[in-house]
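Structure below is model_5.cif: mmCIF, C-alpha atoms and all ligand atoms.
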```cif
data_structure
loop_
_atom_site.label_atom_id
_atom_site.label_comp_id
_atom_site.auth_asym_id
_atom_site.auth_seq_id
_atom_site.Cartn_x
_atom_site.Cartn_y
_atom_site.Cartn_z
CA MET A 1467 43.08 64.56 -33.80
CA LYS A 1468 46.49 66.03 -34.41
CA SER A 1469 47.61 68.61 -31.91
CA GLY A 1470 47.11 72.13 -33.14
CA CYS A 1471 43.89 71.26 -34.93
CA HIS A 1472 40.64 72.94 -34.02
CA SER A 1473 38.27 70.77 -32.04
CA ALA A 1474 35.19 72.93 -32.71
CA LEU A 1475 32.83 71.76 -35.41
CA PHE A 1476 33.25 73.20 -38.86
CA SER A 1477 31.37 72.53 -42.08
CA VAL A 1478 32.28 73.04 -45.68
CA GLY A 1479 29.65 74.87 -47.73
CA ILE A 1480 29.70 74.69 -51.53
CA ASP A 1481 27.65 76.94 -53.79
CA ILE A 1482 27.57 75.70 -57.40
CA GLY A 1483 26.41 78.13 -60.04
CA GLY A 1484 26.63 78.24 -63.81
CA THR A 1485 29.82 80.31 -63.86
CA LYS A 1486 31.51 79.76 -60.52
CA VAL A 1487 31.77 77.39 -57.60
CA ALA A 1488 32.27 79.03 -54.21
CA LEU A 1489 33.59 76.90 -51.35
CA ALA A 1490 33.97 77.97 -47.75
CA LEU A 1491 34.98 76.60 -44.39
CA VAL A 1492 32.28 77.79 -41.99
CA ASP A 1493 32.28 77.61 -38.20
CA ALA A 1494 29.35 76.56 -36.01
CA ARG A 1495 28.18 80.17 -35.73
CA GLY A 1496 27.89 80.54 -39.48
CA THR A 1497 31.03 82.63 -39.87
CA ILE A 1498 33.19 82.01 -42.92
CA GLN A 1499 36.77 81.12 -41.90
CA GLN A 1500 38.33 80.30 -45.28
CA ARG A 1501 37.09 80.54 -48.84
CA ILE A 1502 38.03 79.49 -52.37
CA THR A 1503 36.25 80.29 -55.65
CA LEU A 1504 36.67 78.24 -58.81
CA ALA A 1505 35.36 78.66 -62.34
CA THR A 1506 32.61 76.04 -62.85
CA GLU A 1507 33.68 75.01 -66.35
CA ALA A 1508 30.73 72.59 -66.47
CA ALA A 1509 31.36 71.68 -70.09
CA LEU A 1510 34.76 70.19 -69.18
CA GLY A 1511 32.95 67.40 -67.37
CA PHE A 1512 31.37 66.61 -64.04
CA GLU A 1513 34.15 64.28 -62.84
CA ARG A 1514 36.80 66.92 -63.33
CA ALA A 1515 34.65 69.45 -61.46
CA VAL A 1516 34.19 67.08 -58.50
CA GLU A 1517 37.93 66.42 -58.37
CA ARG A 1518 38.72 70.15 -58.39
CA ALA A 1519 36.09 70.77 -55.70
CA GLY A 1520 37.59 67.95 -53.62
CA ASP A 1521 41.08 69.45 -53.97
CA ALA A 1522 39.71 72.85 -52.93
CA ILE A 1523 38.04 71.30 -49.86
CA ALA A 1524 41.36 69.70 -48.89
CA ARG A 1525 43.04 73.12 -49.17
CA LEU A 1526 40.31 74.74 -47.04
CA LEU A 1527 40.70 72.11 -44.32
CA GLU A 1528 44.46 72.51 -44.34
CA ALA A 1529 44.30 76.30 -44.21
CA GLY A 1530 41.78 76.14 -41.36
CA ARG A 1531 43.72 73.38 -39.60
CA VAL A 1532 40.59 71.25 -39.45
CA ALA A 1533 40.95 67.48 -39.36
CA GLY A 1534 39.15 64.32 -38.24
CA PRO A 1535 36.07 64.93 -36.12
CA GLY A 1536 36.47 68.69 -36.50
CA LEU A 1537 34.61 68.48 -39.80
CA ALA A 1538 30.87 67.94 -39.34
CA GLY A 1539 30.17 67.51 -43.02
CA ILE A 1540 29.94 69.02 -46.48
CA GLY A 1541 26.79 70.82 -47.61
CA ILE A 1542 26.16 71.69 -51.24
CA GLY A 1543 23.72 74.16 -52.76
CA CYS A 1544 23.42 73.84 -56.51
CA ALA A 1545 21.48 75.65 -59.22
CA GLY A 1546 18.52 73.31 -59.71
CA PRO A 1547 16.97 70.99 -60.53
CA VAL A 1548 18.57 68.66 -58.01
CA ASP A 1549 17.44 65.45 -56.32
CA PRO A 1550 18.32 65.93 -52.64
CA ALA A 1551 17.25 62.42 -51.62
CA ARG A 1552 19.63 60.74 -54.11
CA GLY A 1553 22.28 63.44 -54.18
CA LEU A 1554 21.92 64.01 -57.92
CA ILE A 1555 22.43 67.19 -59.93
CA ASN A 1556 20.01 67.17 -62.88
CA ASN A 1557 20.72 70.54 -64.42
CA PRO A 1558 21.86 70.33 -68.02
CA TYR A 1559 20.18 73.73 -68.54
CA THR A 1560 22.82 75.87 -66.85
CA LEU A 1561 25.43 73.18 -66.13
CA GLU A 1562 26.17 71.67 -69.53
CA GLY A 1563 26.16 67.88 -69.46
CA TRP A 1564 25.36 67.62 -65.74
CA ASN A 1565 22.38 65.30 -65.70
CA GLY A 1566 22.03 62.48 -63.19
CA CYS A 1567 25.38 63.46 -61.67
CA ASP A 1568 26.03 62.07 -58.20
CA ILE A 1569 28.11 64.61 -56.25
CA VAL A 1570 27.46 63.15 -52.80
CA THR A 1571 29.10 59.72 -53.16
CA PRO A 1572 32.57 60.82 -54.37
CA LEU A 1573 32.89 63.58 -51.75
CA HIS A 1574 31.66 61.23 -49.01
CA SER A 1575 34.20 58.59 -50.10
CA ARG A 1576 37.06 61.08 -50.17
CA PHE A 1577 36.39 62.86 -46.87
CA GLY A 1578 34.44 60.26 -44.84
CA VAL A 1579 31.86 62.78 -43.58
CA PRO A 1580 28.13 63.27 -44.29
CA VAL A 1581 27.45 65.14 -47.54
CA ARG A 1582 24.13 66.76 -48.43
CA LEU A 1583 22.90 68.34 -51.64
CA GLU A 1584 20.06 70.87 -51.91
CA ASN A 1585 18.72 73.41 -54.38
CA ASP A 1586 20.57 76.73 -54.15
CA ALA A 1587 17.42 78.77 -53.42
CA ASP A 1588 16.58 76.51 -50.47
CA VAL A 1589 20.12 76.74 -49.19
CA ALA A 1590 20.08 80.56 -49.42
CA ALA A 1591 16.82 80.64 -47.44
CA LEU A 1592 18.36 78.36 -44.80
CA GLY A 1593 21.46 80.57 -44.66
CA GLU A 1594 19.39 83.72 -44.11
CA CYS A 1595 17.26 81.89 -41.54
CA GLN A 1596 20.18 80.56 -39.53
CA ALA A 1597 22.82 83.24 -39.89
CA GLY A 1598 21.31 86.23 -41.67
CA ALA A 1599 18.18 88.36 -41.78
CA GLY A 1600 16.03 85.59 -40.32
CA ARG A 1601 18.30 84.78 -37.41
CA GLY A 1602 16.22 84.02 -34.34
CA SER A 1603 13.21 82.92 -36.43
CA ASP A 1604 12.50 79.38 -37.52
CA ARG A 1605 9.74 80.13 -40.03
CA VAL A 1606 11.19 82.12 -42.89
CA VAL A 1607 10.07 82.66 -46.47
CA MET A 1608 12.70 84.10 -48.77
CA LEU A 1609 12.25 85.53 -52.25
CA THR A 1610 15.26 86.32 -54.40
CA PHE A 1611 14.93 88.81 -57.25
CA GLY A 1612 17.67 88.71 -59.84
CA THR A 1613 17.75 87.58 -63.45
CA GLY A 1614 14.89 85.29 -62.39
CA VAL A 1615 12.82 85.05 -59.23
CA GLY A 1616 13.49 82.20 -56.84
CA GLY A 1617 12.62 81.38 -53.31
CA GLY A 1618 12.79 78.99 -50.43
CA VAL A 1619 10.80 78.25 -47.33
CA VAL A 1620 12.19 77.22 -43.95
CA LEU A 1621 9.62 75.89 -41.47
CA ASP A 1622 10.55 74.87 -37.94
CA GLY A 1623 14.17 75.30 -38.96
CA SER A 1624 13.99 72.80 -41.83
CA ILE A 1625 13.73 73.26 -45.59
CA TYR A 1626 10.14 72.84 -46.77
CA ARG A 1627 9.93 70.53 -49.77
CA GLY A 1628 7.52 68.73 -52.03
CA ALA A 1629 6.45 65.09 -52.08
CA ALA A 1630 9.40 64.15 -54.30
CA GLY A 1631 11.87 66.46 -52.57
CA GLU A 1632 11.26 69.41 -54.89
CA HIS A 1633 11.59 72.95 -53.69
CA PRO A 1634 8.63 75.33 -53.85
CA GLU A 1635 8.50 77.25 -57.14
CA LEU A 1636 7.70 80.63 -55.65
CA GLY A 1637 8.64 82.43 -58.85
CA HIS A 1638 5.53 80.99 -60.46
CA LEU A 1639 2.91 82.39 -58.13
CA LEU A 1640 0.28 84.10 -60.27
CA VAL A 1641 0.33 87.81 -59.61
CA ARG A 1642 -1.09 89.48 -62.71
CA PRO A 1643 -4.10 88.17 -64.64
CA HIS A 1644 -3.36 88.14 -68.40
CA GLY A 1645 0.25 89.11 -67.69
CA PRO A 1646 3.25 88.12 -69.82
CA PRO A 1647 3.59 84.42 -70.73
CA CYS A 1648 6.03 82.36 -68.66
CA TYR A 1649 8.04 79.29 -69.64
CA CYS A 1650 6.26 77.36 -66.85
CA GLY A 1651 3.05 77.34 -68.90
CA ALA A 1652 1.12 80.13 -67.18
CA ARG A 1653 0.81 83.89 -67.68
CA GLY A 1654 1.49 86.63 -65.19
CA CYS A 1655 3.80 84.71 -62.84
CA LEU A 1656 5.92 86.64 -60.35
CA GLU A 1657 8.99 85.73 -62.42
CA SER A 1658 7.42 86.90 -65.68
CA VAL A 1659 6.61 90.29 -64.11
CA ALA A 1660 9.19 91.05 -61.40
CA SER A 1661 12.45 89.42 -62.51
CA GLY A 1662 15.27 91.56 -63.88
CA THR A 1663 14.70 89.87 -67.23
CA ALA A 1664 10.98 90.68 -67.20
CA MET A 1665 11.57 94.30 -66.20
CA ALA A 1666 14.15 94.76 -68.94
CA GLU A 1667 11.68 93.22 -71.40
CA ALA A 1668 8.88 95.57 -70.31
CA GLY A 1669 11.20 98.59 -70.40
CA ARG A 1670 12.66 97.81 -73.81
CA ALA A 1671 9.44 98.77 -75.57
CA HIS A 1672 10.00 102.29 -74.18
CA GLY A 1673 13.73 102.54 -74.75
CA TRP A 1674 15.12 101.27 -71.41
CA GLU A 1675 17.43 98.33 -71.90
CA THR A 1676 17.76 97.04 -68.35
CA ALA A 1677 15.83 96.92 -65.08
CA ARG A 1678 18.35 99.41 -63.71
CA GLU A 1679 17.59 101.91 -66.50
CA LEU A 1680 13.87 101.46 -65.83
CA PHE A 1681 14.27 102.19 -62.10
CA THR A 1682 16.45 105.23 -62.86
CA ALA A 1683 13.88 106.61 -65.31
CA ALA A 1684 11.15 106.14 -62.70
CA ASP A 1685 13.25 108.00 -60.13
CA ASP A 1686 13.79 110.76 -62.68
CA GLY A 1687 10.01 111.18 -62.84
CA ASP A 1688 9.22 109.55 -66.18
CA SER A 1689 5.53 108.69 -65.89
CA THR A 1690 5.68 105.53 -68.04
CA ALA A 1691 8.62 104.17 -66.07
CA ARG A 1692 6.87 105.00 -62.79
CA GLU A 1693 3.81 103.12 -63.95
CA LEU A 1694 5.85 100.07 -64.97
CA VAL A 1695 7.72 100.04 -61.65
CA ALA A 1696 4.45 100.49 -59.72
CA GLY A 1697 3.12 97.42 -61.56
CA VAL A 1698 6.13 95.40 -60.47
CA VAL A 1699 5.74 96.55 -56.85
CA GLU A 1700 2.06 95.61 -56.94
CA ALA A 1701 2.96 92.15 -58.24
CA VAL A 1702 5.47 91.62 -55.43
CA VAL A 1703 2.91 92.83 -52.85
CA ARG A 1704 0.44 90.24 -54.16
CA ALA A 1705 3.04 87.49 -53.90
CA ALA A 1706 3.88 88.60 -50.36
CA TRP A 1707 0.19 88.55 -49.41
CA THR A 1708 -0.23 85.00 -50.75
CA LEU A 1709 2.97 83.73 -49.13
CA THR A 1710 2.30 85.21 -45.72
CA HIS A 1711 -1.23 83.81 -45.69
CA THR A 1712 0.03 80.40 -46.83
CA PHE A 1713 3.01 79.91 -44.52
CA LEU A 1714 2.43 82.43 -41.71
CA PRO A 1715 6.17 83.05 -41.41
CA GLU A 1716 7.88 85.20 -38.81
CA ARG A 1717 10.02 86.72 -41.53
CA LEU A 1718 9.66 87.44 -45.18
CA VAL A 1719 13.21 87.97 -46.47
CA LEU A 1720 13.73 89.76 -49.78
CA GLY A 1721 17.08 89.22 -51.49
CA GLY A 1722 18.87 89.38 -54.82
CA GLY A 1723 20.40 92.26 -56.74
CA ILE A 1724 17.09 94.11 -57.23
CA MET A 1725 16.31 94.11 -53.50
CA GLU A 1726 19.86 95.07 -52.61
CA GLU A 1727 19.23 98.39 -54.34
CA HIS A 1728 15.47 98.82 -54.06
CA PHE A 1729 14.34 97.04 -50.87
CA ASP A 1730 12.54 100.07 -49.37
CA ARG A 1731 10.55 100.62 -52.55
CA PHE A 1732 9.01 97.15 -52.08
CA ALA A 1733 9.04 96.69 -48.30
CA GLY A 1734 6.91 99.78 -47.56
CA PRO A 1735 3.96 98.78 -49.77
CA ILE A 1736 4.20 95.15 -48.58
CA GLN A 1737 4.06 96.23 -44.94
CA SER A 1738 1.13 98.58 -45.63
CA GLN A 1739 -0.79 95.78 -47.30
CA LEU A 1740 0.03 93.22 -44.60
CA ALA A 1741 -1.08 95.70 -41.93
CA ARG A 1742 -4.61 95.24 -43.31
CA ALA A 1743 -4.59 91.47 -42.81
CA SER A 1744 -7.29 90.28 -40.44
CA GLN A 1745 -6.62 86.54 -40.50
CA PHE A 1746 -3.29 86.66 -38.65
CA THR A 1747 -1.49 89.18 -36.50
CA PRO A 1748 0.38 91.42 -38.96
CA ALA A 1749 2.92 92.43 -36.32
CA ASN A 1750 4.10 88.82 -36.20
CA VAL A 1751 5.50 89.03 -39.74
CA ARG A 1752 8.61 91.11 -40.34
CA VAL A 1753 9.73 92.02 -43.82
CA SER A 1754 13.52 92.03 -43.89
CA LYS A 1755 16.23 92.66 -46.42
CA ALA A 1756 18.58 89.72 -47.01
CA VAL A 1757 21.96 90.41 -45.45
CA LEU A 1758 24.21 87.57 -46.59
CA GLY A 1759 24.35 88.60 -50.26
CA ASN A 1760 26.57 86.31 -52.27
CA GLU A 1761 27.55 84.46 -49.10
CA ALA A 1762 24.05 83.05 -48.47
CA GLY A 1763 24.89 80.06 -50.68
CA VAL A 1764 27.99 78.84 -48.87
CA VAL A 1765 26.73 79.76 -45.38
CA GLY A 1766 23.39 78.04 -46.04
CA ALA A 1767 25.08 74.98 -47.55
CA ALA A 1768 27.28 74.70 -44.47
CA ALA A 1769 24.15 75.11 -42.31
CA LEU A 1770 22.83 71.86 -43.80
CA MET A 1771 25.49 69.98 -41.89
CA VAL A 1772 25.19 71.22 -38.34
CA GLY A 1773 22.26 69.82 -36.38
CA GLY A 1774 20.76 68.34 -39.55
CA GLY A 1775 20.12 71.75 -41.02
CA SER A 1776 18.79 73.24 -37.84
CA TYR A 1777 21.27 75.15 -35.74
CA GLN A 1778 19.83 75.03 -32.27
CA GLY A 1779 21.72 77.44 -30.13
CA TRP A 1780 22.82 79.86 -32.82
ZN ZN A 1801 5.84 80.85 -64.44
#
```
Take the structure in this file and express it as structure tokens.
Ligand SMILES: [Zn+2]
Amino acid sequence: MKSGCHSALFSVGIDIGGTKVALALVDARGTIQQRITLATEAALGFERAVERAGDAIARLLEAGRVAGPGLAGIGIGCAGPVDPARGLINNPYTLEGWNGCDIVTPLHSRFGVPVRLENDADVAALGECQAGAGRGSDRVVMLTFGTGVGGGVVLDGSIYRGAAGEHPELGHLLVRPHGPPCYCGARGCLESVASGTAMAEAGRAHGWETARELFTAADDGDSTARELVAGVVEAVVRAAWTLTHTFLPERLVLGGGIMEEHFDRFAGPIQSQLARASQFTPANVRVSKAVLGNEAGVVGAAALMVGGGSYQGW
């Protein structure tokens, strides 16, 4: 290693979304040291995007004076679907033309370090578990409420996944019999009731265009809006009941734009309901607000690369 370079372990975390790619140099405590954000420009081609990401990584390493063994690896969280085992992005839905795209091999060849790819919801859950609201716990369930509803599960410090490496589709838990139809094939899924999109849809019939307008009307005392919001809270309470009984986590972390503004509205009823549980000790489950915000992606992606995704000693 050149003199003047840091000897501590750093990781690069990359968070790939439909509109932007965030890259960060993260230290072993999960603190961001350097960051760069690029426009995704998926339609201009996957190879170009990988080259730009590689150039940005080189700039991060230079700015952070990290070289040689100082870099533990590169972790990537990407809007799914992804194939973590093969390192493939298969998401032509929000990343135009990106199907069967191997992002691991070119970055590994260029930087000579381990590279791992995971779904962005899993990575956010890992980030909150290791360096955010779930710090100190190694069984964390996270739900993210934004345009859609996503989630991830971390058990014993590792991302919980399906037989073929899939991530759990927590947005499609059934929470309301005969509820609105969902693109997954069912009716009354958490996503079709409690996402920003679903709330805007439900509010539109009464003149509220967005979830925010619906919440504001409820706070202003409109009885229809209050009823609609109460229905959403009830749906989230049901999901929380199912998830806590399924995974018995130490923490249930609620994130996303909706929870950033309305966490208490949901957390209170969830805690009241969980307090009635007789099949586990309710006090063992804490309901927490996500704290990493937009940084959960890069911090969680970087967390993939230290201790194999499990930061002992953090
Ligand atoms: Zn669904």
List every residue of chain A that has an atom at most 10 Å from any atom of ligand ZN 1801 (chain A), giving for each one its closest atom pair and the distance in Å to one decimal, counting all atoms listed in the file, sorted by chain and then by ascending residue number, as a Markdown table.
```
| residue | atom | partner | partner_atom | distance |
| --- | --- | --- | --- | --- |
| A:Val1615 | CA | A:ZN1801 | ZN | 9.7 |
| A:Glu1635 | CA | A:ZN1801 | ZN | 8.6 |
| A:Leu1636 | CA | A:ZN1801 | ZN | 9.0 |
| A:Gly1637 | CA | A:ZN1801 | ZN | 6.4 |
| A:His1638 | CA | A:ZN1801 | ZN | 4.0 |
| A:Leu1639 | CA | A:ZN1801 | ZN | 7.1 |
| A:Leu1640 | CA | A:ZN1801 | ZN | 7.7 |
| A:Pro1646 | CA | A:ZN1801 | ZN | 9.4 |
| A:Pro1647 | CA | A:ZN1801 | ZN | 7.6 |
| A:Cys1648 | CA | A:ZN1801 | ZN | 4.5 |
| A:Tyr1649 | CA | A:ZN1801 | ZN | 5.9 |
| A:Cys1650 | CA | A:ZN1801 | ZN | 4.3 |
| A:Gly1651 | CA | A:ZN1801 | ZN | 6.3 |
| A:Ala1652 | CA | A:ZN1801 | ZN | 5.5 |
| A:Arg1653 | CA | A:ZN1801 | ZN | 6.7 |
| A:Gly1654 | CA | A:ZN1801 | ZN | 7.3 |
| A:Cys1655 | CA | A:ZN1801 | ZN | 4.6 |
| A:Leu1656 | CA | A:ZN1801 | ZN | 7.1 |
| A:Glu1657 | CA | A:ZN1801 | ZN | 6.1 |
| A:Ser1658 | CA | A:ZN1801 | ZN | 6.4 |
| A:Val1659 | CA | A:ZN1801 | ZN | 9.5 |
```
- prompt: CA of Leu1709 (chain A) to CA of Thr1690 (chain A): how many Å, to one decimal?
  reply: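 It comes out at 29.0 Å.
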Close residues, region 1695-1701 of chain A itself excluded, 7 Å, all atoms listed in the file, min 5 positions apart in chain, as a PyMOL selection string: chain A and resi 1641-1642+1656+1659-1660+1681+1732
task: Find the residue from A:Ala1508, A:Gly1612, A:Gly1598, A:Ala1519 that sits nearest to Ala1664 (chain A); use all atoms listed in the file when measuring.
output: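 Nearest candidate to Ala1664 (chain A) out of A:Ala1508, A:Gly1612, A:Gly1598, A:Ala1519: A:Gly1612.
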field: Two-atom distance - CA of Ala1683 (chain A), CA of Leu1720 (chain A) (Å)
entry: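 A separation of 22.9 Å between them.
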message: Taking 2 positions as the minimum chain separation for residues in the same chain, which residues sit within 9 Å of Ala1630 (chain A) when counting only C-alpha atoms? Answer as a ChimeraX atom specification.
response: /A:1549,1551,1627-1628,1632
query: So, counting all atoms listed in the file, which residue among A:Val1516, A:Leu1554, A:Ile1542, A:Ala1629 is closest to Asp1588 (chain A)?
result: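 So, comparing all the options, the nearest one is A:Ile1542.
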Distance query Glu1517 (chain A) at most 9 Å, only C-alpha atoms, self and fewer than 4 positions along chain excluded, as a JSON list (two decimals) with C-alpha atoms, keeping the file's coordinate frame:
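Contents of selection19.json, as written:
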```
[["chain", "number", "residue", "atom", "x", "y", "z"],
["A", 1512, "PHE", "CA", 31.37, 66.61, -64.04],
["A", 1513, "GLU", "CA", 34.15, 64.28, -62.84],
["A", 1521, "ASP", "CA", 41.08, 69.45, -53.97],
["A", 1522, "ALA", "CA", 39.71, 72.85, -52.93],
["A", 1572, "PRO", "CA", 32.57, 60.82, -54.37],
["A", 1573, "LEU", "CA", 32.89, 63.58, -51.75]]
```
Exercise: region 1480-1487 of chain A partners within 8 Å, only C-alpha atoms, chain neighbours under 2 positions left out, as a PyMOL selection string: chain A and resi 1478+1489-1490+1503-1508+1540-1545+1560-1561+1586+1763-1764+1767-1768
task: Counting all atoms listed in the file, figure out which residue out of A:Gly1520, A:Pro1715, A:Pro1550, A:Pro1580 gets nearest to Asp1622 (chain A).
output: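 The shortest atom-to-atom distance to Asp1622 (chain A) comes from A:Pro1715.
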Counting only C-alpha atoms, the residue of A:Ser1689, A:Ser1575, A:Thr1497, A:Thr1610 that sits nearest Gln1596 (chain A):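 Comparing A:Ser1689, A:Ser1575, A:Thr1497, A:Thr1610 against Gln1596 (chain A), the winner is A:Thr1497.
With only C-alpha atoms taken into account, the protein and nucleic acid residues at most 10 Å from Val1620 (chain A) (excluding it and anything under 2 positions from it in its own chain) are Asp1588, Val1589, Ala1591, Leu1592, Gly1593, Glu1594, Cys1595, Gln1596, Gly1600, Ser1603, Asp1604, Arg1605, Val1606, Val1607, Met1608, Gly1618, Asp1622, Gly1623, Ser1624, Ile1625, Tyr1626, Arg1627, Phe1713, Pro1715 and Ser1776 of chain A.
With only C-alpha atoms as the atoms that count, the minimum distance from Val1548 (chain A) to the choices A:His1633, A:Arg1501, A:Arg1531, A:His1728 is reached by A:His1633.
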task: Grab the CA of Trp1707 (chain A) to CA of Ala1587 (chain A) distance for me, in Å with one decimal place.
output: 20.2 Å
- request: Please work out which residues fall within 9 Å of (19.1, 97.2, -68.9), coordinates as given in the file, with all atoms listed in the file counting, and return them as a list in words.
  value: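 It turns out the residues near that spot are Gly1662, Thr1663, Met1665, Ala1666, Glu1667, Gly1669, Arg1670, Trp1674, Glu1675, Thr1676, Ala1677, Arg1678, Glu1679 and Leu1680 of chain A.
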- prompt: Of the candidates A:Gln1499, A:Thr1747, A:Ser1477, A:Ser1661, which one gets nearest to Ala1538 (chain A) if we count all atoms listed in the file?
  reply: A:Ser1477
